[in-house]
>>> print(open('input-v3.csv').read())   # CSV, C-alpha atoms
chain,number,residue,atom,x,y,z
A,1,MET,CA,70.2,-84.8,-100.7
A,2,SER,CA,70.2,-83.4,-97.2
A,3,GLU,CA,66.9,-82.2,-95.9
A,4,SER,CA,68.5,-79.4,-94.0
A,5,THR,CA,68.0,-75.7,-94.0
A,6,LEU,CA,70.4,-72.8,-94.4
A,7,HIS,CA,69.3,-69.9,-92.1
A,8,ILE,CA,70.4,-66.5,-93.4
A,9,LEU,CA,70.3,-63.6,-91.0
A,10,ASN,CA,70.9,-60.0,-92.2
A,11,ARG,CA,69.8,-58.0,-89.1
A,12,GLY,CA,71.8,-57.4,-86.0
A,13,PRO,CA,71.2,-57.0,-82.2
A,14,ASN,CA,68.6,-54.2,-82.9
A,15,GLN,CA,66.2,-57.1,-83.7
A,16,PRO,CA,66.9,-59.8,-81.1
A,17,GLU,CA,63.6,-61.5,-81.7
A,18,LEU,CA,64.8,-62.4,-85.2
A,19,LEU,CA,67.8,-64.3,-83.9
A,20,GLN,CA,65.5,-66.0,-81.4
A,21,HIS,CA,63.1,-67.2,-84.1
A,22,LEU,CA,66.1,-68.5,-86.1
A,23,LEU,CA,67.4,-70.4,-83.1
A,24,ASP,CA,64.0,-71.8,-82.4
A,25,ALA,CA,63.6,-72.9,-86.0
A,26,LEU,CA,67.0,-74.6,-86.2
A,27,SER,CA,67.2,-78.4,-86.5
A,28,ALA,CA,70.2,-80.7,-86.4
A,29,GLY,CA,72.1,-80.4,-89.6
A,30,ASP,CA,71.0,-76.9,-90.3
A,31,GLU,CA,73.5,-74.1,-90.7
A,32,ILE,CA,73.5,-70.3,-90.0
A,33,LEU,CA,75.0,-67.7,-92.2
A,34,LEU,CA,75.3,-64.1,-91.0
A,35,ILE,CA,75.4,-61.5,-93.7
A,36,GLU,CA,75.0,-57.7,-93.9
A,37,ASP,CA,74.1,-56.2,-90.5
A,38,GLY,CA,73.6,-59.8,-89.1
A,39,ILE,CA,77.4,-60.2,-88.8
A,40,TYR,CA,77.4,-58.3,-85.5
A,41,TRP,CA,75.9,-61.4,-83.9
A,42,ALA,CA,79.4,-63.0,-84.5
A,43,SER,CA,81.0,-60.7,-82.0
A,44,GLU,CA,82.5,-62.6,-79.0
A,45,HIS,CA,80.0,-60.9,-76.8
A,46,PHE,CA,77.2,-63.0,-78.3
A,47,ALA,CA,79.1,-66.3,-78.5
A,48,GLU,CA,77.0,-68.1,-75.9
A,49,ARG,CA,73.9,-67.7,-78.0
A,50,PHE,CA,75.2,-70.2,-80.6
A,51,GLN,CA,75.4,-73.3,-78.4
A,52,SER,CA,74.9,-76.1,-80.9
A,53,THR,CA,75.6,-74.4,-84.2
A,54,GLN,CA,78.5,-72.0,-84.8
A,55,PRO,CA,77.4,-69.4,-87.4
A,56,LYS,CA,79.3,-68.8,-90.6
A,57,VAL,CA,80.0,-65.1,-91.4
A,58,LEU,CA,80.2,-63.5,-94.8
A,59,LYS,CA,83.7,-62.0,-95.0
A,60,ALA,CA,82.8,-59.0,-97.2
A,61,ASP,CA,80.3,-57.8,-94.7
A,62,ALA,CA,82.5,-58.4,-91.6
A,63,GLU,CA,85.3,-56.5,-93.2
A,64,ALA,CA,83.1,-53.7,-94.3
A,65,ARG,CA,82.0,-53.2,-90.7
A,66,GLY,CA,85.4,-53.6,-89.1
A,67,LEU,CA,84.5,-56.7,-87.2
A,68,THR,CA,87.7,-58.6,-86.8
A,69,ARG,CA,87.4,-60.7,-83.7
A,70,ILE,CA,84.7,-63.2,-84.9
A,71,CYS,CA,83.2,-66.2,-83.3
A,72,GLY,CA,82.5,-68.6,-86.1
A,73,GLN,CA,84.0,-69.2,-89.5
A,74,THR,CA,84.3,-66.5,-92.2
A,75,VAL,CA,83.2,-67.5,-95.6
A,76,ASP,CA,83.5,-65.8,-99.0
A,77,ASP,CA,80.9,-65.3,-101.7
A,78,ALA,CA,81.7,-68.6,-103.4
A,79,ASP,CA,81.1,-70.4,-100.0
A,80,PHE,CA,77.8,-68.6,-99.7
A,81,VAL,CA,76.7,-70.2,-103.0
A,82,GLU,CA,78.0,-73.5,-101.9
A,83,LEU,CA,76.0,-73.3,-98.7
A,84,CYS,CA,72.9,-72.7,-100.7
A,85,VAL,CA,73.7,-75.7,-102.9
A,86,ASN,CA,74.3,-78.0,-100.0
A,87,HIS,CA,71.1,-77.3,-98.1
A,88,ARG,CA,67.7,-78.3,-99.4
A,89,ARG,CA,66.3,-74.8,-98.7
A,90,SER,CA,67.3,-71.5,-97.3
A,91,VAL,CA,65.3,-69.1,-95.2
A,92,SER,CA,66.3,-65.4,-95.0
A,93,TRP,CA,65.1,-64.1,-91.6
A,94,CYS,CA,64.0,-60.5,-91.9
B,1,MET,CA,71.8,-76.1,-110.2
B,2,LYS,CA,68.9,-73.8,-111.2
B,3,PHE,CA,68.3,-70.8,-108.9
B,4,THR,CA,65.5,-68.3,-108.5
B,5,LEU,CA,66.5,-65.2,-106.7
B,6,LEU,CA,63.8,-63.1,-105.0
B,7,ILE,CA,64.8,-59.5,-104.2
B,8,GLN,CA,62.5,-57.6,-101.9
B,9,SER,CA,64.3,-54.5,-100.7
B,10,ALA,CA,65.3,-51.3,-102.5
B,11,PRO,CA,68.9,-50.2,-103.2
B,12,ILE,CA,70.3,-47.5,-101.0
B,13,ASP,CA,67.7,-48.1,-98.2
B,14,SER,CA,69.0,-51.6,-97.9
B,15,GLN,CA,72.1,-53.6,-98.7
B,16,SER,CA,70.1,-56.6,-99.9
B,17,SER,CA,69.9,-55.7,-103.6
B,18,ALA,CA,73.7,-55.3,-103.7
B,19,THR,CA,74.2,-58.6,-101.9
B,20,ALA,CA,71.8,-60.3,-104.4
B,21,LEU,CA,73.8,-58.9,-107.3
B,22,ARG,CA,77.1,-60.2,-106.0
B,23,PHE,CA,75.4,-63.6,-105.3
B,24,ALA,CA,74.0,-63.7,-108.8
B,25,ARG,CA,77.5,-62.9,-110.3
B,26,THR,CA,79.1,-65.6,-108.1
B,27,LEU,CA,76.4,-68.2,-109.1
B,28,LEU,CA,77.1,-67.6,-112.8
B,29,THR,CA,80.9,-67.7,-112.3
B,30,LYS,CA,80.5,-71.1,-110.6
B,31,GLY,CA,78.5,-72.5,-113.5
B,32,HIS,CA,75.0,-72.4,-112.0
B,33,GLU,CA,71.9,-71.2,-113.9
B,34,ILE,CA,69.6,-68.4,-112.9
B,35,GLU,CA,66.1,-69.5,-113.7
B,36,ARG,CA,64.7,-66.1,-112.9
B,37,LEU,CA,65.4,-62.9,-111.0
B,38,PHE,CA,62.2,-61.7,-109.4
B,39,PHE,CA,61.9,-58.3,-107.9
B,40,TYR,CA,59.0,-57.8,-105.3
B,41,ARG,CA,58.0,-55.3,-102.7
B,42,SER,CA,60.5,-52.4,-102.5
B,43,GLY,CA,62.9,-54.6,-104.5
B,44,VAL,CA,61.2,-53.2,-107.6
B,45,GLN,CA,63.4,-50.1,-107.2
B,46,SER,CA,66.3,-52.2,-108.3
B,47,ALA,CA,64.7,-51.9,-111.8
B,48,ASN,CA,64.4,-48.2,-111.8
B,49,ARG,CA,66.4,-46.9,-114.7
B,50,LEU,CA,66.2,-43.3,-113.4
B,51,ALA,CA,68.3,-44.0,-110.3
B,52,LEU,CA,71.4,-41.9,-110.8
B,53,ALA,CA,74.7,-42.3,-108.9
B,54,PRO,CA,77.6,-39.9,-108.5
B,55,GLN,CA,80.8,-40.9,-110.3
B,56,ASP,CA,82.3,-42.5,-107.2
B,57,GLU,CA,79.2,-44.6,-106.2
B,58,THR,CA,77.7,-47.8,-107.4
B,59,ASN,CA,74.6,-47.5,-109.6
B,60,LEU,CA,72.8,-50.7,-108.7
B,61,PRO,CA,70.0,-50.6,-111.3
B,62,ALA,CA,72.6,-50.0,-114.0
B,63,ASP,CA,74.7,-52.9,-112.7
B,64,TRP,CA,71.6,-55.1,-112.7
B,65,GLN,CA,70.9,-54.1,-116.3
B,66,GLN,CA,74.4,-55.0,-117.3
B,67,LEU,CA,74.3,-58.4,-115.6
B,68,ILE,CA,70.8,-59.2,-117.0
B,69,SER,CA,71.7,-58.2,-120.6
B,70,LYS,CA,75.2,-59.8,-120.6
B,71,HIS,CA,73.9,-63.2,-119.5
B,72,GLU,CA,70.5,-62.9,-121.1
B,73,LEU,CA,68.8,-63.4,-117.7
B,74,ASP,CA,65.1,-63.6,-117.1
B,75,ALA,CA,64.3,-60.6,-114.9
B,76,VAL,CA,60.7,-60.0,-113.8
B,77,VAL,CA,59.5,-57.1,-111.7
B,78,CYS,CA,56.2,-57.6,-109.9
B,79,ILE,CA,53.8,-55.3,-111.7
B,80,ALA,CA,51.5,-54.7,-108.8
B,81,ALA,CA,54.4,-53.7,-106.5
B,82,ALA,CA,56.1,-51.7,-109.2
B,83,ILE,CA,53.4,-49.5,-110.5
B,84,ARG,CA,52.4,-48.5,-106.9
B,85,ARG,CA,56.0,-47.5,-106.3
B,86,GLY,CA,56.5,-45.6,-109.5
B,87,VAL,CA,58.5,-48.2,-111.5
B,88,VAL,CA,56.7,-48.3,-114.8
B,89,ASN,CA,57.1,-49.1,-118.4
B,90,ALA,CA,55.5,-47.3,-121.4
B,91,THR,CA,52.6,-49.7,-121.6
B,92,GLU,CA,51.5,-49.0,-118.1
B,93,THR,CA,51.9,-45.2,-118.2
B,94,ALA,CA,49.9,-45.2,-121.4
B,95,ARG,CA,47.2,-47.2,-119.7
B,96,TYR,CA,47.1,-44.6,-116.9
B,97,GLY,CA,47.3,-41.7,-119.3
B,98,ILE,CA,50.6,-40.3,-118.0
B,99,GLU,CA,54.0,-39.7,-119.6
B,100,GLY,CA,57.3,-41.3,-118.9
B,101,ASP,CA,58.7,-44.7,-118.0
B,102,ASN,CA,61.7,-45.9,-116.1
B,103,LEU,CA,61.8,-49.7,-116.1
B,104,LEU,CA,65.1,-51.2,-116.9
B,105,GLU,CA,65.4,-52.1,-120.5
B,106,SER,CA,65.9,-55.8,-119.9
B,107,ALA,CA,63.3,-56.4,-117.2
B,108,GLU,CA,59.6,-57.0,-117.7
B,109,LEU,CA,56.6,-56.3,-115.5
B,110,SER,CA,54.5,-59.3,-114.7
B,111,GLY,CA,52.6,-61.0,-111.9
B,112,LEU,CA,53.5,-63.1,-108.9
B,113,GLY,CA,52.6,-66.2,-110.9
B,114,GLN,CA,56.0,-65.8,-112.6
B,115,LEU,CA,57.7,-66.2,-109.2
B,116,VAL,CA,55.7,-69.3,-108.4
B,117,ALA,CA,56.5,-70.8,-111.8
B,118,ALA,CA,60.2,-70.0,-111.5
B,119,CYS,CA,60.3,-71.6,-108.0
B,120,ALA,CA,58.7,-74.7,-109.5
B,121,ALA,CA,61.4,-74.9,-112.1
B,122,SER,CA,64.3,-74.2,-109.7
B,123,ASP,CA,66.4,-76.4,-107.4
B,124,ARG,CA,67.0,-73.5,-105.0
B,125,VAL,CA,65.2,-70.3,-104.1
B,126,VAL,CA,67.1,-67.6,-102.2
B,127,THR,CA,65.5,-64.4,-100.8
B,128,PHE,CA,67.3,-61.1,-100.3
B,129,GLY,CA,65.7,-58.4,-98.2
B,130,GLY,CA,62.1,-58.0,-97.0
B,131,GLY,CA,60.4,-57.1,-93.8
B,132,ALA,CA,59.0,-53.7,-93.0
C,1,MET,CA,60.2,-76.1,-105.4
C,2,ASN,CA,56.5,-76.6,-105.2
C,3,SER,CA,55.4,-76.0,-101.7
C,4,PHE,CA,55.6,-72.7,-100.0
C,5,LEU,CA,55.7,-71.4,-96.4
C,6,ILE,CA,55.1,-67.7,-96.4
C,7,ILE,CA,56.3,-66.0,-93.2
C,8,SER,CA,55.2,-62.6,-92.1
C,9,ARG,CA,56.4,-60.6,-89.0
C,10,ASN,CA,54.6,-57.4,-89.6
C,11,PRO,CA,51.2,-55.9,-88.6
C,12,PRO,CA,48.7,-54.6,-91.2
C,13,TYR,CA,48.5,-51.0,-92.6
C,14,GLY,CA,51.7,-49.6,-91.1
C,15,SER,CA,53.5,-50.9,-94.2
C,16,ALA,CA,52.6,-53.0,-97.2
C,17,ALA,CA,54.4,-56.0,-95.7
C,18,ALA,CA,51.3,-57.8,-94.5
C,19,ARG,CA,49.3,-57.2,-97.7
C,20,GLU,CA,52.2,-58.3,-99.9
C,21,ALA,CA,52.7,-61.5,-97.9
C,22,LEU,CA,49.1,-62.4,-98.3
C,23,GLU,CA,49.3,-61.6,-102.0
C,24,LEU,CA,52.1,-64.0,-102.4
C,25,ALA,CA,50.3,-66.7,-100.5
C,26,LEU,CA,47.2,-66.2,-102.7
C,27,ALA,CA,49.4,-66.3,-105.8
C,28,CYS,CA,50.8,-69.7,-104.8
C,29,ALA,CA,47.3,-71.0,-104.2
C,30,LEU,CA,46.0,-69.6,-107.4
C,31,PHE,CA,48.7,-71.5,-109.3
C,32,ASP,CA,47.8,-74.7,-107.5
C,33,ARG,CA,50.8,-74.9,-105.2
C,34,GLU,CA,50.7,-76.1,-101.6
C,35,VAL,CA,51.0,-73.1,-99.4
C,36,ALA,CA,51.0,-72.3,-95.7
C,37,ILE,CA,51.2,-69.0,-93.8
C,38,LEU,CA,53.2,-68.5,-90.6
C,39,LEU,CA,52.6,-65.3,-88.6
C,40,LEU,CA,55.3,-64.2,-86.1
C,41,ASP,CA,55.6,-61.3,-83.8
C,42,ASP,CA,53.3,-58.3,-84.7
C,43,ALA,CA,52.0,-60.2,-87.7
C,44,VAL,CA,49.6,-62.0,-85.4
C,45,TYR,CA,47.7,-58.6,-85.3
C,46,GLN,CA,46.8,-59.1,-88.9
C,47,LEU,CA,44.1,-61.5,-87.6
C,48,LEU,CA,42.5,-59.1,-85.1
C,49,PRO,CA,38.9,-58.9,-86.3
C,50,GLY,CA,37.0,-55.7,-87.1
C,51,HIS,CA,39.5,-53.9,-89.3
C,52,ASN,CA,38.2,-50.5,-90.7
C,53,PRO,CA,41.0,-48.7,-92.6
C,54,SER,CA,38.7,-46.4,-94.6
C,55,ALA,CA,39.8,-43.2,-92.7
C,56,ILE,CA,43.5,-44.0,-93.4
C,57,GLY,CA,42.8,-44.5,-97.1
C,58,GLN,CA,43.7,-48.2,-97.4
C,59,LYS,CA,41.9,-51.3,-98.5
C,60,ASN,CA,40.6,-53.7,-95.9
C,61,LEU,CA,43.0,-56.6,-95.5
C,62,ALA,CA,40.2,-58.7,-94.1
C,63,ALA,CA,38.7,-59.1,-97.6
C,64,MET,CA,42.0,-60.8,-98.8
C,65,GLN,CA,42.1,-62.9,-95.6
C,66,GLN,CA,38.5,-64.1,-96.2
C,67,SER,CA,39.5,-65.3,-99.6
C,68,LEU,CA,42.2,-67.6,-98.2
C,69,PRO,CA,39.7,-70.5,-97.5
C,70,LEU,CA,38.1,-70.0,-100.9
C,71,TYR,CA,41.5,-70.9,-102.4
C,72,ASP,CA,41.9,-73.8,-100.0
C,73,VAL,CA,44.6,-71.9,-98.0
C,74,ASP,CA,43.7,-73.3,-94.6
C,75,LYS,CA,47.1,-73.8,-93.0
C,76,ILE,CA,47.6,-70.7,-91.0
C,77,PHE,CA,50.2,-71.0,-88.2
C,78,VAL,CA,50.8,-68.5,-85.5
C,79,CYS,CA,53.7,-68.3,-83.1
C,80,GLN,CA,52.4,-69.3,-79.7
C,81,SER,CA,54.8,-67.0,-77.8
C,82,SER,CA,54.0,-64.0,-80.1
C,83,LEU,CA,50.3,-64.4,-79.1
C,84,GLU,CA,51.1,-64.7,-75.4
C,85,THR,CA,53.4,-61.7,-75.3
C,86,ARG,CA,50.6,-59.7,-76.9
C,87,GLY,CA,47.9,-61.0,-74.7
C,88,LEU,CA,46.0,-62.7,-77.5
C,89,VAL,CA,44.3,-66.0,-77.8
C,90,THR,CA,43.6,-68.0,-80.9
C,91,GLU,CA,39.8,-67.9,-80.3
C,92,ALA,CA,39.8,-64.2,-80.7
C,93,LEU,CA,41.3,-64.2,-84.1
C,94,ALA,CA,39.4,-63.7,-87.4
C,95,LEU,CA,40.5,-67.1,-89.0
C,96,PRO,CA,41.1,-70.5,-87.6
C,97,VAL,CA,44.8,-70.9,-86.8
C,98,THR,CA,47.2,-73.5,-85.5
C,99,PRO,CA,49.6,-72.1,-82.8
C,100,VAL,CA,53.2,-73.4,-83.0
C,101,ASP,CA,56.0,-73.5,-80.4
C,102,SER,CA,59.7,-74.1,-81.1
C,103,GLN,CA,59.2,-77.8,-81.9
C,104,GLY,CA,56.3,-76.9,-84.3
C,105,LEU,CA,58.5,-74.2,-85.9
C,106,LYS,CA,61.3,-76.8,-86.6
C,107,ALA,CA,58.8,-79.1,-88.1
C,108,LEU,CA,57.3,-76.4,-90.4
C,109,MET,CA,60.8,-75.6,-91.7
C,110,ARG,CA,61.3,-79.1,-92.9
C,111,GLU,CA,57.9,-79.6,-94.4
C,112,TYR,CA,58.1,-76.9,-97.1
C,113,GLU,CA,60.4,-76.6,-100.0
C,114,ALA,CA,60.5,-72.8,-100.4
C,115,ILE,CA,60.4,-70.7,-97.2
C,116,ILE,CA,59.9,-67.0,-97.9
C,117,ASN,CA,60.0,-64.3,-95.3
C,118,VAL,CA,58.1,-61.5,-97.0
>>> encode(input="input-v3.csv", output="structure tokens")
Amino acid sequence: MSESTLHILNRGPNQPELLQHLLDALSAGDEILLIEDGIYWASEHFAERFQSTQPKVLKADAEARGLTRICGQTVDDADFVELCVNHRRSVSWC
Amino acid sequence: MKFTLLIQSAPIDSQSSATALRFARTLLTKGHEIERLFFYRSGVQSANRLALAPQDETNLPADWQQLISKHELDAVVCIAAAIRRGVVNATETARYGIEGDNLLESAELSGLGQLVAACAASDRVVTFGGGA
Amino acid sequence: MNSFLIISRNPPYGSAAAREALELALACALFDREVAILLLDDAVYQLLPGHNPSAIGQKNLAAMQQSLPLYDVDKIFVCQSSLETRGLVTEALALPVTPVDSQGLKALMREYEAIINV
């Protein structure tokens, strides 16, 4: 079983320090999932922030908010569950 | 796998409770088990039976109640967080000498020890909401 | 999941966030689980000494903080950059703490089974 961590972020650019903590806490093998208001970080404008790890974006939340041009892979609810299964732990940054 | 879900934000004021409900449904569809749902902080409002929604809106507490009873899930609401926020059962209101109660039928009020115990019995713990 | 890292980002008294994070940490300790606390951003202000919330009608958080060592909760980590941007030093805080930088943060993430941002 992988010792990696899934980092879940549900707040957007209003809270830049949250993303910074997430990026500081990221180790090799970890993944990032953007949900709720966090999906805005997947805008092309912020692409350079995610050097080593491309975020995954929860489709329902991106669609809800009209974000169509996304940097990163969109995932559905079943993939969200799978991400939690595949990583040893998750941390929801809030 | 066995999951414990921790919900820390109230419906309406945050999307997190709704996300958690969708996640819980998906978990069950995919054959995983929910060891416990634990509602803490403002998340206790998810268990407020008296939240009413217009016809064309989602009623999250009612949806939680439906999920919990349909799948016979273990749903615990942190008693200390709940009573302070006005989410109460008849036992507690009697204790304080007031009338009324609004806790979801299928949820129980208990302590944080239930969250700790659930995490110990779970393969995964996922948190929804929180912060100030 | 038997070991817990409780993360707080919020200062005391302006919301219940700080108190409820501490309550969770204490619950973990009370039930004999390994637990550590990580304070980020304004949460470092929780450890300013000399709280006196009587005029605002709240209970003093310091009482709960002082019970942490009684329950063997002695792993309190604070974000080094959060201290610096607020002009604070560890010596001025009410409890012994270990400052962490980015490397320390990565290590903390891997050390605990359940990580809960309260």
>>> interface_residues(input="input-v3.csv", of="chain B", to="chain C", cutoff="12 Å", atoms="only C-alpha atoms", output="ChimeraX atom specification")
/B:2-9,39-43,78,80-81,84-85,111-132
>>> residues_around(input="input-v3.csv", residues="region 51-56 of chain C", least_positions_apart="5", cutoff="8 Å", atoms="only C-alpha atoms", output="list of chain:residue names")
C:Tyr13, C:Leu61, C:Ala62
>>> atom_distance(input="input-v3.csv", atom1="CA of Ile12 (chain B)", atom2="CA of Leu19 (chain A)")
24.1 Å
>>> residues_around(input="input-v3.csv", residues="region 84-93 of chain A", least_positions_apart="3", cutoff="6 Å", atoms="all atoms listed in the file", output="mmCIF file with C-alpha atoms, keeping the file's coordinate frame")
data_model
loop_
_atom_site.group_PDB
_atom_site.id
_atom_site.type_symbol
_atom_site.label_atom_id
_atom_site.label_comp_id
_atom_site.auth_asym_id
_atom_site.auth_seq_id
_atom_site.Cartn_x
_atom_site.Cartn_y
_atom_site.Cartn_z
ATOM 1 C CA GLU A 3 66.900 -82.200 -95.900
ATOM 2 C CA SER A 4 68.500 -79.400 -94.000
ATOM 3 C CA THR A 5 68.000 -75.700 -94.000
ATOM 4 C CA LEU A 6 70.400 -72.800 -94.400
ATOM 5 C CA HIS A 7 69.300 -69.900 -92.100
ATOM 6 C CA ILE A 8 70.400 -66.500 -93.400
ATOM 7 C CA LEU A 9 70.300 -63.600 -91.000
ATOM 8 C CA VAL A 81 76.700 -70.200 -103.000
ATOM 9 C CA THR B 127 65.500 -64.400 -100.800
ATOM 10 C CA ILE C 115 60.400 -70.700 -97.200
#
>>> atom_distance(input="input-v3.csv", atom1="CA of Glu108 (chain B)", atom2="CA of Phe38 (chain B)")
9.9 Å
>>> residues_around(input="input-v3.csv", residues="region 21-37 of chain A", least_positions_apart="3", cutoff="8 Å", atoms="all atoms listed in the file", output="short mmCIF file (atom, residue, chain, number, x, y, z; two decimals) with C-alpha atoms, in the frame of the given file")
data_model
loop_
_atom_site.label_atom_id
_atom_site.label_comp_id
_atom_site.auth_asym_id
_atom_site.auth_seq_id
_atom_site.Cartn_x
_atom_site.Cartn_y
_atom_site.Cartn_z
CA SER A 4 68.50 -79.40 -94.00
CA THR A 5 68.00 -75.70 -94.00
CA LEU A 6 70.40 -72.80 -94.40
CA HIS A 7 69.30 -69.90 -92.10
CA ILE A 8 70.40 -66.50 -93.40
CA LEU A 9 70.30 -63.60 -91.00
CA ASN A 10 70.90 -60.00 -92.20
CA ARG A 11 69.80 -58.00 -89.10
CA GLY A 12 71.80 -57.40 -86.00
CA GLU A 17 63.60 -61.50 -81.70
CA LEU A 18 64.80 -62.40 -85.20
CA TYR A 40 77.40 -58.30 -85.50
CA TRP A 41 75.90 -61.40 -83.90
CA ALA A 42 79.40 -63.00 -84.50
CA THR A 53 75.60 -74.40 -84.20
CA GLN A 54 78.50 -72.00 -84.80
CA PRO A 55 77.40 -69.40 -87.40
CA LYS A 56 79.30 -68.80 -90.60
CA VAL A 57 80.00 -65.10 -91.40
CA LEU A 58 80.20 -63.50 -94.80
CA ASP A 61 80.30 -57.80 -94.70
CA ALA A 62 82.50 -58.40 -91.60
CA HIS A 87 71.10 -77.30 -98.10
CA TRP A 93 65.10 -64.10 -91.60
CA GLN B 15 72.10 -53.60 -98.70
CA SER B 16 70.10 -56.60 -99.90
CA SER C 102 59.70 -74.10 -81.10
CA GLN C 103 59.20 -77.80 -81.90
CA LEU C 105 58.50 -74.20 -85.90
CA LYS C 106 61.30 -76.80 -86.60
CA MET C 109 60.80 -75.60 -91.70
#
>>> atom_distance(input="input-v3.csv", atom1="CA of Ala10 (chain B)", atom2="CA of Gln45 (chain B)")
5.2 Å
>>> residues_around(input="input-v3.csv", residues="Lys75 (chain C)", least_positions_apart="3", cutoff="12 Å", atoms="only C-alpha atoms", output="ChimeraX atom specification")
/C:4-6,25,29,34-39,68-69,71-72,78,95-100,108
>>> closest_residue(input="input-v3.csv", among="C:Gly104, C:Leu47, C:Glu111, C:Asp42", to="Thr90 (chain C)", atoms="only C-alpha atoms")
C:Leu47
